[in-house]
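To start, the structure itself, in C-alpha cells.
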Amino acid sequence: MRRWRLAMGLVSELADTGAALERAVALACVIASMPPLAVRAIKEVVNTGQNLPLDGALLLERKAFQLLFDTSDQEEGMRAFLEKRQPVYRGA
C-alpha cells in the first residue's frame, strides 16, 4: 500500500519505519532555510488554492509570484546565484 501511494503521487517519498520524525525534521530544516516570504506565500496559495477552480488557483499563484518578484529576498537570491554563494534571506 505504501508503494502504491508513492506511485499514485499521493506522497512524495517514503521514510523507513521509525524514521518518519527524523525525516520530517530534516525537511523542516530545508524549508526553514528558504525565503520566509516565499514560504508563507506558498502555504497560502496551496491552502487557499486547493478550494478554488484551476483558473482561480492559477490566478492566485500568479499574484503571489508578482508580489514576491519585487522583494529584497528575490534580489538576494539572484545575486547569490550569480556570485555562486548561499543566499542570506531577511524576509523582506
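We name chains A, B, ... following the order of the C-alpha cells; residues begin at 1 in each chain, and ligands are numbered from 1 as shown.
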List the neighbours of Gln74 in chain A out to 10 Å using only C-alpha atoms; skip same-chain residues closer than 2 positions along the sequence, and give me the result as a PyMOL selection string.
-> chain A and resi 35+37-38+68-72+76-80+87+89+91-92
Looking only at helix (DSSP H, G or I) from DSSP on the backbone, list the matching residues of chain A as a PyMOL selection string.
-> chain A and resi 2-7+20-32+36-49+54-69+72-82
Would you save the residues from that selection as an mmCIF file, in the first residue's frame, using C-alpha atoms?
data_model
loop_
_atom_site.group_PDB
_atom_site.id
_atom_site.type_symbol
_atom_site.label_atom_id
_atom_site.label_comp_id
_atom_site.auth_asym_id
_atom_site.auth_seq_id
_atom_site.Cartn_x
_atom_site.Cartn_y
_atom_site.Cartn_z
ATOM 1 C CA ARG A 2 2.871 2.426 0.792
ATOM 2 C CA ARG A 3 4.483 1.932 -2.613
ATOM 3 C CA TRP A 4 1.096 2.323 -4.306
ATOM 4 C CA ARG A 5 0.619 5.709 -2.617
ATOM 5 C CA LEU A 6 4.044 6.764 -3.845
ATOM 6 C CA ALA A 7 3.344 5.519 -7.385
ATOM 7 C CA ALA A 20 9.464 9.497 9.811
ATOM 8 C CA LEU A 21 10.050 12.075 12.557
ATOM 9 C CA GLU A 22 13.736 12.379 11.704
ATOM 10 C CA ARG A 23 12.894 12.864 8.027
ATOM 11 C CA ALA A 24 10.168 15.401 8.857
ATOM 12 C CA VAL A 25 12.626 17.441 10.939
ATOM 13 C CA ALA A 26 15.162 17.331 8.087
ATOM 14 C CA LEU A 27 12.515 18.612 5.654
ATOM 15 C CA ALA A 28 11.522 21.331 8.130
ATOM 16 C CA CYS A 29 15.167 22.468 8.247
ATOM 17 C CA VAL A 30 15.245 22.693 4.449
ATOM 18 C CA ILE A 31 12.033 24.733 4.414
ATOM 19 C CA ALA A 32 13.344 26.982 7.217
ATOM 20 C CA PRO A 36 10.360 33.368 4.606
ATOM 21 C CA LEU A 37 8.067 35.480 2.432
ATOM 22 C CA ALA A 38 8.064 32.828 -0.289
ATOM 23 C CA VAL A 39 7.364 30.012 2.186
ATOM 24 C CA ARG A 40 4.456 31.982 3.646
ATOM 25 C CA ALA A 41 3.083 32.704 0.165
ATOM 26 C CA ILE A 42 3.400 29.063 -0.913
ATOM 27 C CA LYS A 43 1.492 27.910 2.166
ATOM 28 C CA GLU A 44 -1.252 30.449 1.491
ATOM 29 C CA VAL A 45 -1.506 29.573 -2.210
ATOM 30 C CA VAL A 46 -1.659 25.823 -1.509
ATOM 31 C CA ASN A 47 -4.149 26.111 1.350
ATOM 32 C CA THR A 48 -6.420 28.578 -0.454
ATOM 33 C CA GLY A 49 -5.900 27.299 -3.988
ATOM 34 C CA LEU A 54 -7.995 25.685 -11.508
ATOM 35 C CA ASP A 55 -8.188 29.118 -13.152
ATOM 36 C CA GLY A 56 -8.696 30.788 -9.770
ATOM 37 C CA ALA A 57 -5.811 28.877 -8.203
ATOM 38 C CA LEU A 58 -3.515 29.800 -11.097
ATOM 39 C CA LEU A 59 -4.504 33.459 -10.740
ATOM 40 C CA LEU A 60 -3.704 33.297 -7.022
ATOM 41 C CA GLU A 61 -0.295 31.770 -7.795
ATOM 42 C CA ARG A 62 0.433 34.433 -10.418
ATOM 43 C CA LYS A 63 -0.386 37.235 -7.967
ATOM 44 C CA ALA A 64 1.896 35.696 -5.341
ATOM 45 C CA PHE A 65 4.704 35.420 -7.904
ATOM 46 C CA GLN A 66 4.292 39.064 -8.907
ATOM 47 C CA LEU A 67 4.394 40.235 -5.288
ATOM 48 C CA LEU A 68 7.436 38.099 -4.449
ATOM 49 C CA PHE A 69 9.375 39.130 -7.536
ATOM 50 C CA SER A 72 14.768 42.079 -1.329
ATOM 51 C CA ASP A 73 14.861 38.306 -0.824
ATOM 52 C CA GLN A 74 14.325 37.759 -4.549
ATOM 53 C CA GLU A 75 17.165 40.144 -5.349
ATOM 54 C CA GLU A 76 19.390 38.420 -2.788
ATOM 55 C CA GLY A 77 18.580 35.007 -4.246
ATOM 56 C CA MET A 78 19.514 36.099 -7.757
ATOM 57 C CA ARG A 79 22.643 37.904 -6.564
ATOM 58 C CA ALA A 80 23.764 34.879 -4.549
ATOM 59 C CA PHE A 81 23.191 32.600 -7.543
ATOM 60 C CA LEU A 82 25.281 34.806 -9.815
#
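Between CA of Asp16 in chain A and CA of Gln50 in chain A the interatomic distance comes to 29.1 Å.
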